[in-house]
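As provided, run-v4.tsv (TSV, N, CA and C atoms) reads as follows.
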chain	number	residue	atom	x	y	z
S	704	MET	N	-21.15	6.37	-5.98
S	704	MET	CA	-20.19	7.22	-6.65
S	704	MET	C	-19.69	6.51	-7.91
S	705	ARG	N	-19.53	7.28	-8.94
S	705	ARG	CA	-19.09	6.76	-10.23
S	705	ARG	C	-17.71	6.12	-10.17
S	706	GLY	N	-16.84	6.65	-9.34
S	706	GLY	CA	-15.48	6.12	-9.23
S	706	GLY	C	-15.47	4.64	-8.91
S	707	ILE	N	-16.39	4.20	-8.05
S	707	ILE	CA	-16.48	2.78	-7.70
S	707	ILE	C	-16.81	1.96	-8.94
S	708	LEU	N	-17.77	2.45	-9.73
S	708	LEU	CA	-18.15	1.72	-10.95
S	708	LEU	C	-17.00	1.67	-11.95
S	709	TYR	N	-16.30	2.79	-12.11
S	709	TYR	CA	-15.16	2.81	-13.02
S	709	TYR	C	-14.06	1.86	-12.54
S	710	ARG	N	-13.81	1.86	-11.25
S	710	ARG	CA	-12.77	0.96	-10.72
S	710	ARG	C	-13.17	-0.49	-10.95
S	711	THR	N	-14.43	-0.82	-10.67
S	711	THR	CA	-14.92	-2.18	-10.88
S	711	THR	C	-14.80	-2.60	-12.34
S	712	ALA	N	-15.06	-1.66	-13.23
S	712	ALA	CA	-14.98	-1.93	-14.66
S	712	ALA	C	-13.55	-1.83	-15.19
S	713	GLU	N	-12.60	-1.57	-14.28
S	713	GLU	CA	-11.19	-1.41	-14.62
S	713	GLU	C	-10.95	-0.25	-15.60
S	714	GLU	N	-11.77	0.77	-15.49
S	714	GLU	CA	-11.58	2.00	-16.27
S	714	GLU	C	-10.91	3.02	-15.35
S	715	TYR	N	-9.65	2.73	-15.05
S	715	TYR	CA	-8.92	3.50	-14.05
S	715	TYR	C	-8.70	4.95	-14.47
S	716	ASP	N	-8.53	5.19	-15.75
S	716	ASP	CA	-8.32	6.55	-16.24
S	716	ASP	C	-9.54	7.42	-16.00
S	717	LYS	N	-10.70	6.82	-15.83
S	717	LYS	CA	-11.92	7.56	-15.51
S	717	LYS	C	-12.16	7.63	-14.01
S	718	ALA	N	-11.73	6.60	-13.30
S	718	ALA	CA	-11.96	6.56	-11.85
S	718	ALA	C	-11.11	7.58	-11.10
S	719	ILE	N	-9.86	7.73	-11.51
S	719	ILE	CA	-8.94	8.63	-10.78
S	719	ILE	C	-9.47	10.06	-10.74
S	720	PRO	N	-9.91	10.65	-11.86
S	720	PRO	CA	-10.44	12.02	-11.77
S	720	PRO	C	-11.68	12.12	-10.89
S	721	ASP	N	-12.51	11.08	-10.88
S	721	ASP	CA	-13.69	11.11	-10.00
S	721	ASP	C	-13.28	11.15	-8.54
S	722	TYR	N	-12.30	10.33	-8.17
S	722	TYR	CA	-11.85	10.34	-6.78
S	722	TYR	C	-11.13	11.65	-6.45
S	723	SER	N	-10.39	12.19	-7.39
S	723	SER	CA	-9.72	13.47	-7.15
S	723	SER	C	-10.74	14.57	-6.92
S	724	ARG	N	-11.80	14.55	-7.68
S	724	ARG	CA	-12.87	15.55	-7.51
S	724	ARG	C	-13.56	15.34	-6.17
S	725	ALA	N	-13.81	14.10	-5.79
S	725	ALA	CA	-14.43	13.82	-4.49
S	725	ALA	C	-13.55	14.34	-3.35
S	726	ILE	N	-12.24	14.20	-3.51
S	726	ILE	CA	-11.30	14.70	-2.49
S	726	ILE	C	-11.37	16.22	-2.41
S	727	GLU	N	-11.46	16.88	-3.55
S	727	GLU	CA	-11.60	18.35	-3.55
S	727	GLU	C	-12.84	18.77	-2.78
S	728	LEU	N	-13.93	18.04	-2.96
S	728	LEU	CA	-15.20	18.38	-2.32
S	728	LEU	C	-15.24	18.00	-0.85
S	729	ASN	N	-14.55	16.93	-0.49
S	729	ASN	CA	-14.57	16.45	0.89
S	729	ASN	C	-13.19	15.90	1.26
S	730	PRO	N	-12.23	16.79	1.53
S	730	PRO	CA	-10.84	16.36	1.77
S	730	PRO	C	-10.63	15.60	3.08
S	731	GLU	N	-11.64	15.50	3.91
S	731	GLU	CA	-11.49	14.79	5.18
S	731	GLU	C	-12.00	13.35	5.10
S	732	ASN	N	-12.48	12.93	3.94
S	732	ASN	CA	-12.97	11.57	3.79
S	732	ASN	C	-11.83	10.66	3.34
S	733	TYR	N	-11.34	9.87	4.27
S	733	TYR	CA	-10.18	9.02	4.00
S	733	TYR	C	-10.45	7.99	2.91
S	734	ARG	N	-11.70	7.59	2.74
S	734	ARG	CA	-12.01	6.54	1.77
S	734	ARG	C	-11.68	6.95	0.33
S	735	TYR	N	-11.84	8.22	0.03
S	735	TYR	CA	-11.52	8.67	-1.34
S	735	TYR	C	-10.02	8.54	-1.62
S	736	TYR	N	-9.21	8.91	-0.63
S	736	TYR	CA	-7.75	8.76	-0.78
S	736	TYR	C	-7.39	7.27	-0.90
S	737	LEU	N	-8.03	6.45	-0.08
S	737	LEU	CA	-7.74	5.02	-0.09
S	737	LEU	C	-8.08	4.40	-1.44
S	738	GLU	N	-9.24	4.73	-1.97
S	738	GLU	CA	-9.64	4.19	-3.27
S	738	GLU	C	-8.70	4.65	-4.38
S	739	ARG	N	-8.35	5.94	-4.35
S	739	ARG	CA	-7.44	6.45	-5.38
S	739	ARG	C	-6.07	5.80	-5.25
S	740	ALA	N	-5.62	5.56	-4.03
S	740	ALA	CA	-4.34	4.89	-3.81
S	740	ALA	C	-4.37	3.46	-4.35
S	741	HIS	N	-5.47	2.75	-4.09
S	741	HIS	CA	-5.60	1.38	-4.62
S	741	HIS	C	-5.48	1.37	-6.14
S	742	ILE	N	-6.13	2.32	-6.77
S	742	ILE	CA	-6.08	2.39	-8.24
S	742	ILE	C	-4.66	2.72	-8.70
S	743	ASN	N	-4.05	3.71	-8.07
S	743	ASN	CA	-2.71	4.13	-8.50
S	743	ASN	C	-1.65	3.06	-8.25
S	744	SER	N	-1.89	2.15	-7.32
S	744	SER	CA	-0.91	1.09	-7.08
S	744	SER	C	-1.23	-0.18	-7.88
S	745	HIS	N	-2.27	-0.12	-8.68
S	745	HIS	CA	-2.63	-1.27	-9.52
S	745	HIS	C	-1.57	-1.46	-10.60
S	746	PRO	N	-1.22	-2.71	-10.92
S	746	PRO	CA	-0.19	-2.97	-11.95
S	746	PRO	C	-0.49	-2.35	-13.33
S	747	ASN	N	-1.74	-2.10	-13.64
S	747	ASN	CA	-2.06	-1.47	-14.93
S	747	ASN	C	-1.93	0.05	-14.89
S	748	VAL	N	-1.75	0.61	-13.71
S	748	VAL	CA	-1.65	2.06	-13.57
S	748	VAL	C	-0.23	2.47	-13.18
S	749	GLU	N	0.30	1.86	-12.13
S	749	GLU	CA	1.68	2.05	-11.67
S	749	GLU	C	2.05	3.50	-11.37
S	750	LYS	N	1.18	4.22	-10.70
S	750	LYS	CA	1.51	5.57	-10.22
S	750	LYS	C	1.79	5.45	-8.72
S	751	TYR	N	2.92	4.80	-8.44
S	751	TYR	CA	3.22	4.43	-7.07
S	751	TYR	C	3.49	5.62	-6.16
S	752	ASP	N	4.12	6.67	-6.66
S	752	ASP	CA	4.36	7.84	-5.82
S	752	ASP	C	3.05	8.47	-5.36
S	753	GLN	N	2.08	8.55	-6.26
S	753	GLN	CA	0.77	9.10	-5.88
S	753	GLN	C	0.08	8.17	-4.87
S	754	ALA	N	0.20	6.87	-5.09
S	754	ALA	CA	-0.39	5.91	-4.15
S	754	ALA	C	0.22	6.07	-2.76
S	755	ILE	N	1.53	6.17	-2.71
S	755	ILE	CA	2.23	6.33	-1.43
S	755	ILE	C	1.77	7.60	-0.72
S	756	SER	N	1.64	8.67	-1.47
S	756	SER	CA	1.16	9.93	-0.90
S	756	SER	C	-0.27	9.79	-0.36
S	757	ASP	N	-1.12	9.15	-1.14
S	757	ASP	CA	-2.51	8.96	-0.69
S	757	ASP	C	-2.58	8.06	0.54
S	758	TYR	N	-1.77	7.01	0.58
S	758	TYR	CA	-1.76	6.16	1.76
S	758	TYR	C	-1.31	6.94	3.00
S	759	SER	N	-0.35	7.85	2.83
S	759	SER	CA	0.07	8.70	3.95
S	759	SER	C	-1.08	9.55	4.45
S	760	LYS	N	-1.86	10.08	3.53
S	760	LYS	CA	-3.02	10.90	3.90
S	760	LYS	C	-4.06	10.06	4.64
S	761	VAL	N	-4.25	8.82	4.21
S	761	VAL	CA	-5.19	7.93	4.90
S	761	VAL	C	-4.74	7.72	6.34
S	762	MET	N	-3.43	7.50	6.55
S	762	MET	CA	-2.92	7.31	7.92
S	762	MET	C	-3.12	8.55	8.77
S	763	GLU	N	-2.99	9.70	8.14
S	763	GLU	CA	-3.22	10.96	8.87
S	763	GLU	C	-4.69	11.07	9.30
S	764	LEU	N	-5.59	10.70	8.42
S	764	LEU	CA	-7.01	10.82	8.70
S	764	LEU	C	-7.58	9.66	9.50
S	765	LYS	N	-6.96	8.51	9.42
S	765	LYS	CA	-7.48	7.29	10.06
S	765	LYS	C	-6.32	6.51	10.69
S	766	PRO	N	-5.67	7.09	11.72
S	766	PRO	CA	-4.47	6.48	12.28
S	766	PRO	C	-4.68	5.07	12.86
S	767	GLU	N	-5.90	4.75	13.24
S	767	GLU	CA	-6.15	3.42	13.79
S	767	GLU	C	-6.02	2.32	12.73
S	768	GLU	N	-5.95	2.69	11.48
S	768	GLU	CA	-5.78	1.72	10.39
S	768	GLU	C	-4.32	1.65	9.91
S	769	ALA	N	-3.41	2.19	10.69
S	769	ALA	CA	-2.01	2.33	10.24
S	769	ALA	C	-1.38	1.01	9.84
S	770	GLY	N	-1.61	-0.06	10.56
S	770	GLY	CA	-0.97	-1.34	10.22
S	770	GLY	C	-1.30	-1.79	8.81
S	771	ALA	N	-2.57	-1.77	8.47
S	771	ALA	CA	-3.00	-2.19	7.13
S	771	ALA	C	-2.50	-1.22	6.07
S	772	ILE	N	-2.51	0.07	6.39
S	772	ILE	CA	-2.09	1.07	5.41
S	772	ILE	C	-0.57	0.98	5.20
S	773	TYR	N	0.18	0.74	6.26
S	773	TYR	CA	1.62	0.54	6.08
S	773	TYR	C	1.88	-0.64	5.15
S	774	TYR	N	1.12	-1.71	5.33
S	774	TYR	CA	1.27	-2.87	4.45
S	774	TYR	C	1.06	-2.46	2.99
S	775	LEU	N	-0.01	-1.73	2.71
S	775	LEU	CA	-0.32	-1.30	1.34
S	775	LEU	C	0.74	-0.34	0.81
S	776	GLN	N	1.20	0.54	1.66
S	776	GLN	CA	2.24	1.49	1.25
S	776	GLN	C	3.55	0.76	0.98
S	777	GLY	N	3.85	-0.23	1.79
S	777	GLY	CA	5.05	-1.04	1.56
S	777	GLY	C	4.99	-1.75	0.21
S	778	TYR	N	3.81	-2.23	-0.13
S	778	TYR	CA	3.61	-2.86	-1.44
S	778	TYR	C	3.93	-1.87	-2.56
S	779	ALA	N	3.45	-0.65	-2.43
S	779	ALA	CA	3.70	0.36	-3.47
S	779	ALA	C	5.19	0.65	-3.59
S	780	TYR	N	5.88	0.78	-2.45
S	780	TYR	CA	7.33	0.99	-2.51
S	780	TYR	C	8.02	-0.20	-3.19
S	781	ARG	N	7.60	-1.42	-2.84
S	781	ARG	CA	8.23	-2.61	-3.40
S	781	ARG	C	8.00	-2.69	-4.91
S	782	LYS	N	6.77	-2.41	-5.36
S	782	LYS	CA	6.48	-2.47	-6.79
S	782	LYS	C	7.23	-1.39	-7.55
S	783	LYS	N	7.50	-0.30	-6.90
S	783	LYS	CA	8.25	0.80	-7.51
S	783	LYS	C	9.75	0.49	-7.57
S	784	GLY	N	10.17	-0.54	-6.85
S	784	GLY	CA	11.57	-0.93	-6.83
S	784	GLY	C	12.37	-0.26	-5.73
S	785	ASP	N	11.70	0.40	-4.80
S	785	ASP	CA	12.36	1.07	-3.67
S	785	ASP	C	12.31	0.12	-2.47
S	786	PHE	N	13.19	-0.87	-2.49
S	786	PHE	CA	13.14	-1.95	-1.52
S	786	PHE	C	13.54	-1.51	-0.11
S	787	ASP	N	14.45	-0.54	-0.01
S	787	ASP	CA	14.84	-0.05	1.32
S	787	ASP	C	13.64	0.58	2.03
S	788	ASN	N	12.90	1.43	1.32
S	788	ASN	CA	11.72	2.03	1.93
S	788	ASN	C	10.62	1.00	2.15
S	789	ALA	N	10.52	0.02	1.26
S	789	ALA	CA	9.53	-1.05	1.47
S	789	ALA	C	9.80	-1.76	2.79
S	790	ILE	N	11.05	-2.10	3.04
S	790	ILE	CA	11.40	-2.77	4.30
S	790	ILE	C	11.11	-1.86	5.48
S	791	PHE	N	11.48	-0.60	5.37
S	791	PHE	CA	11.22	0.37	6.44
S	791	PHE	C	9.72	0.42	6.77
S	792	ILE	N	8.89	0.48	5.74
S	792	ILE	CA	7.44	0.58	5.94
S	792	ILE	C	6.88	-0.76	6.44
S	793	TYR	N	7.36	-1.88	5.91
S	793	TYR	CA	6.91	-3.18	6.41
S	793	TYR	C	7.27	-3.33	7.89
S	794	ASN	N	8.43	-2.81	8.30
S	794	ASN	CA	8.79	-2.83	9.72
S	794	ASN	C	7.75	-2.10	10.56
S	795	LYS	N	7.29	-0.96	10.04
S	795	LYS	CA	6.25	-0.20	10.77
S	795	LYS	C	4.96	-1.00	10.85
S	796	ALA	N	4.60	-1.69	9.76
S	796	ALA	CA	3.40	-2.52	9.77
S	796	ALA	C	3.52	-3.62	10.82
S	797	ILE	N	4.69	-4.24	10.87
S	797	ILE	CA	4.92	-5.31	11.84
S	797	ILE	C	4.86	-4.77	13.26
S	798	GLU	N	5.39	-3.56	13.50
S	798	GLU	CA	5.30	-2.93	14.81
S	798	GLU	C	3.84	-2.73	15.23
S	799	LYS	N	2.98	-2.52	14.25
S	799	LYS	CA	1.55	-2.33	14.52
S	799	LYS	C	0.81	-3.67	14.57
S	800	LYS	N	1.58	-4.75	14.62
S	800	LYS	CA	1.04	-6.11	14.69
S	800	LYS	C	0.40	-6.57	13.40
S	801	PHE	N	0.75	-5.93	12.30
S	801	PHE	CA	0.29	-6.38	10.99
S	801	PHE	C	1.44	-7.18	10.41
S	802	LEU	N	1.30	-8.46	10.36
S	802	LEU	CA	2.41	-9.37	10.10
S	802	LEU	C	2.66	-9.56	8.62
S	803	CYS	N	3.71	-8.92	8.13
S	803	CYS	CA	4.04	-8.92	6.69
S	803	CYS	C	5.40	-9.52	6.44
S	804	TYR	N	5.69	-10.61	7.09
S	804	TYR	CA	7.03	-11.18	6.97
S	804	TYR	C	7.34	-11.65	5.54
S	805	GLU	N	6.39	-12.27	4.89
S	805	GLU	CA	6.65	-12.76	3.54
S	805	GLU	C	6.95	-11.60	2.58
S	806	GLU	N	6.18	-10.53	2.68
S	806	GLU	CA	6.39	-9.37	1.82
S	806	GLU	C	7.73	-8.70	2.09
S	807	ARG	N	8.08	-8.58	3.38
S	807	ARG	CA	9.39	-8.01	3.71
S	807	ARG	C	10.49	-8.94	3.22
S	808	GLY	N	10.28	-10.24	3.31
S	808	GLY	CA	11.25	-11.21	2.79
S	808	GLY	C	11.48	-11.02	1.30
S	809	ASP	N	10.40	-10.75	0.56
S	809	ASP	CA	10.53	-10.50	-0.88
S	809	ASP	C	11.42	-9.29	-1.15
S	810	ALA	N	11.27	-8.26	-0.34
S	810	ALA	CA	12.10	-7.06	-0.50
S	810	ALA	C	13.55	-7.36	-0.15
S	811	TYR	N	13.77	-8.16	0.89
S	811	TYR	CA	15.15	-8.55	1.22
S	811	TYR	C	15.79	-9.35	0.09
S	812	ILE	N	15.03	-10.23	-0.53
S	812	ILE	CA	15.55	-11.00	-1.68
S	812	ILE	C	16.02	-10.04	-2.77
S	813	ALA	N	15.21	-9.03	-3.07
S	813	ALA	CA	15.55	-8.07	-4.12
S	813	ALA	C	16.85	-7.33	-3.81
S	814	LEU	N	17.15	-7.19	-2.51
S	814	LEU	CA	18.39	-6.51	-2.10
S	814	LEU	C	19.55	-7.49	-1.92
S	815	GLY	N	19.28	-8.77	-2.12
S	815	GLY	CA	20.33	-9.78	-1.97
S	815	GLY	C	20.63	-10.14	-0.53
S	816	GLU	N	19.75	-9.79	0.38
S	816	GLU	CA	19.93	-10.11	1.81
S	816	GLU	C	19.19	-11.41	2.12
S	817	TYR	N	19.79	-12.51	1.69
S	817	TYR	CA	19.11	-13.80	1.70
S	817	TYR	C	18.87	-14.36	3.11
S	818	ASP	N	19.81	-14.15	4.03
S	818	ASP	CA	19.61	-14.65	5.39
S	818	ASP	C	18.40	-13.98	6.04
S	819	LYS	N	18.28	-12.67	5.84
S	819	LYS	CA	17.12	-11.97	6.40
S	819	LYS	C	15.84	-12.44	5.73
S	820	ALA	N	15.90	-12.69	4.43
S	820	ALA	CA	14.72	-13.17	3.72
S	820	ALA	C	14.29	-14.54	4.25
S	821	ILE	N	15.24	-15.43	4.44
S	821	ILE	CA	14.92	-16.76	4.95
S	821	ILE	C	14.29	-16.67	6.33
S	822	SER	N	14.84	-15.82	7.17
S	822	SER	CA	14.28	-15.62	8.51
S	822	SER	C	12.83	-15.14	8.43
S	823	ASP	N	12.57	-14.19	7.54
S	823	ASP	CA	11.20	-13.70	7.39
S	823	ASP	C	10.28	-14.77	6.81
S	824	TYR	N	10.78	-15.53	5.84
S	824	TYR	CA	9.96	-16.60	5.27
S	824	TYR	C	9.62	-17.65	6.32
S	825	ASP	N	10.59	-17.95	7.21
S	825	ASP	CA	10.31	-18.88	8.29
S	825	ASP	C	9.20	-18.34	9.20
S	826	ARG	N	9.25	-17.06	9.51
S	826	ARG	CA	8.20	-16.45	10.33
S	826	ARG	C	6.85	-16.46	9.62
S	827	SER	N	6.88	-16.28	8.30
S	827	SER	CA	5.62	-16.19	7.57
S	827	SER	C	4.89	-17.52	7.52
S	828	THR	N	5.61	-18.62	7.70
S	828	THR	CA	4.93	-19.92	7.73
S	828	THR	C	4.19	-20.12	9.03
S	829	ILE	N	4.57	-19.34	10.05
S	829	ILE	CA	3.90	-19.42	11.34
S	829	ILE	C	2.71	-18.46	11.37
S	830	LYS	N	2.93	-17.24	10.86
S	830	LYS	CA	1.88	-16.21	10.89
S	830	LYS	C	1.88	-15.53	9.53
S	831	SER	N	0.71	-15.26	9.02
S	831	SER	CA	0.62	-14.58	7.73
S	831	SER	C	0.13	-13.16	7.94
S	832	CYS	N	0.19	-12.37	6.87
S	832	CYS	CA	-0.28	-10.98	6.94
S	832	CYS	C	-1.75	-10.96	7.30
S	833	SER	N	-2.06	-10.24	8.36
S	833	SER	CA	-3.47	-10.09	8.74
S	833	SER	C	-3.59	-8.92	9.68

Would you kindly transcribe this structure into structure tokens?
Amino acid sequence: MRGILYRTAEEYDKAIPDYSRAIELNPENYRYYLERAHINSHPNVEKYDQAISDYSKVMELKPEEAGAIYYLQGYAYRKKGDFDNAIFIYNKAIEKKFLCYEERGDAYIALGEYDKAISDYDRSTIKSCS
């Protein structure tokens, strides 16, 4: 698919329409939503709301991947500056045994909740996101 080549070449403005068209043709293929979400959450694109929506669709289509997708969705919320939702989503990732303590700690720092951040950073030295 051309979208993969465009993404690899960092031609995101060309990749997004290709993935959108692929979704129109095959709306049950979670990979198209996932790829488009990755592009939209890239720092050069910053379409975090679209990324969050696409990650939600991936979870709907592929619920067994929820831990990893929550982690990615939490990143999009954090980059967008929505730290409360980032923490909420990171909590869901952690519930799914996807350990994102360092990332959640970063969101706590942004909110000025330093004790919670330190606690998460301490946990992250024991276990990392995986």

*In terms of the shortest atom-to-atom distance over only C-alpha atoms, which of S:Tyr715, S:Tyr773, S:Tyr824, S:Tyr722 is closest to Lys799 of chain S?*
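Result for the nearest residue to Lys799 of chain S: S:Tyr773.
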
_Which of S:Ala779, S:Ile719, S:Leu737, S:Ala771 sits closest to Tyr751 of chain S [using only N, CA and C atoms]_ =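 Once distances to Tyr751 of chain S are computed over only N, CA and C atoms, the minimum belongs to S:Ala779.
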
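The gap separating atom N of Ala813 of chain S from atom N of Ile792 of chain S is 14.4 Å, in Å to one decimal.
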
*Local residues around (-11.4, 9.6, 4.9), at most 10 Å away, using only C-alpha atoms, as an NGL selection string*: :S and (726 or 729-738 or 760-765)

*Interatomic distance between atom C of Arg739 of chain S and atom CA of Gly808 of chain S?*
25.6 Å

_Between atom N of Lys717 of chain S and atom N of Asn743 of chain S, what distance in Å does the model show, to one decimal?_
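Taking atom N of Lys717 of chain S as the start and atom N of Asn743 of chain S as the end point, the length is 10.7 Å.
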
_Quick one: residues within 7 Å of Tyr774 of chain S, only N, CA and C atoms, excluding same-chain residues fewer than 3 positions away - as a count of residues only?_
10

*Would you mind telling me which residue in S:Ala810, S:Val748, S:Tyr804, S:Leu775 lies nearest to Ala789 of chain S when using only C-alpha atoms?*
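Distance minimum relative to Ala789 of chain S lands on S:Ala810.
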
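Excluding Glu805 of chain S itself and same-chain residues fewer than 2 positions from it, the residues having an atom within 9 Å of it are S:Leu802, S:Cys803, S:Arg807, S:Gly808, S:Asp809, S:Ala810, S:Ala820, S:Asp823, S:Tyr824, S:Asp825, S:Arg826, S:Ser827, S:Thr828, S:Ser831, S:Cys832, counting only C-alpha atoms.
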
*From the set S:Lys819, S:Arg781, S:Arg724, S:Lys800, which residue has the shortest atom-to-atom contact distance to Glu749 of chain S, counting only C-alpha atoms?*
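Nearest to Glu749 of chain S: S:Arg781.
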
*Taking the backbone alone, and naming residues the way the document does, which bits of segment 706-833 of chain S are alpha helix (DSSP H) by DSSP, as a VMD selection string?*
chain S and resid 706 to 711 715 to 728 733 to 743 751 to 764 769 to 783 786 to 798 804 to 813 817 to 829

_Nearest to Ile742 of chain S, chosen from S:Ala725, S:Ile797, S:Leu814, S:Ala754, with all atoms listed in the file counted in the distances_ =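 The closest residue to Ile742 of chain S is S:Ala754.
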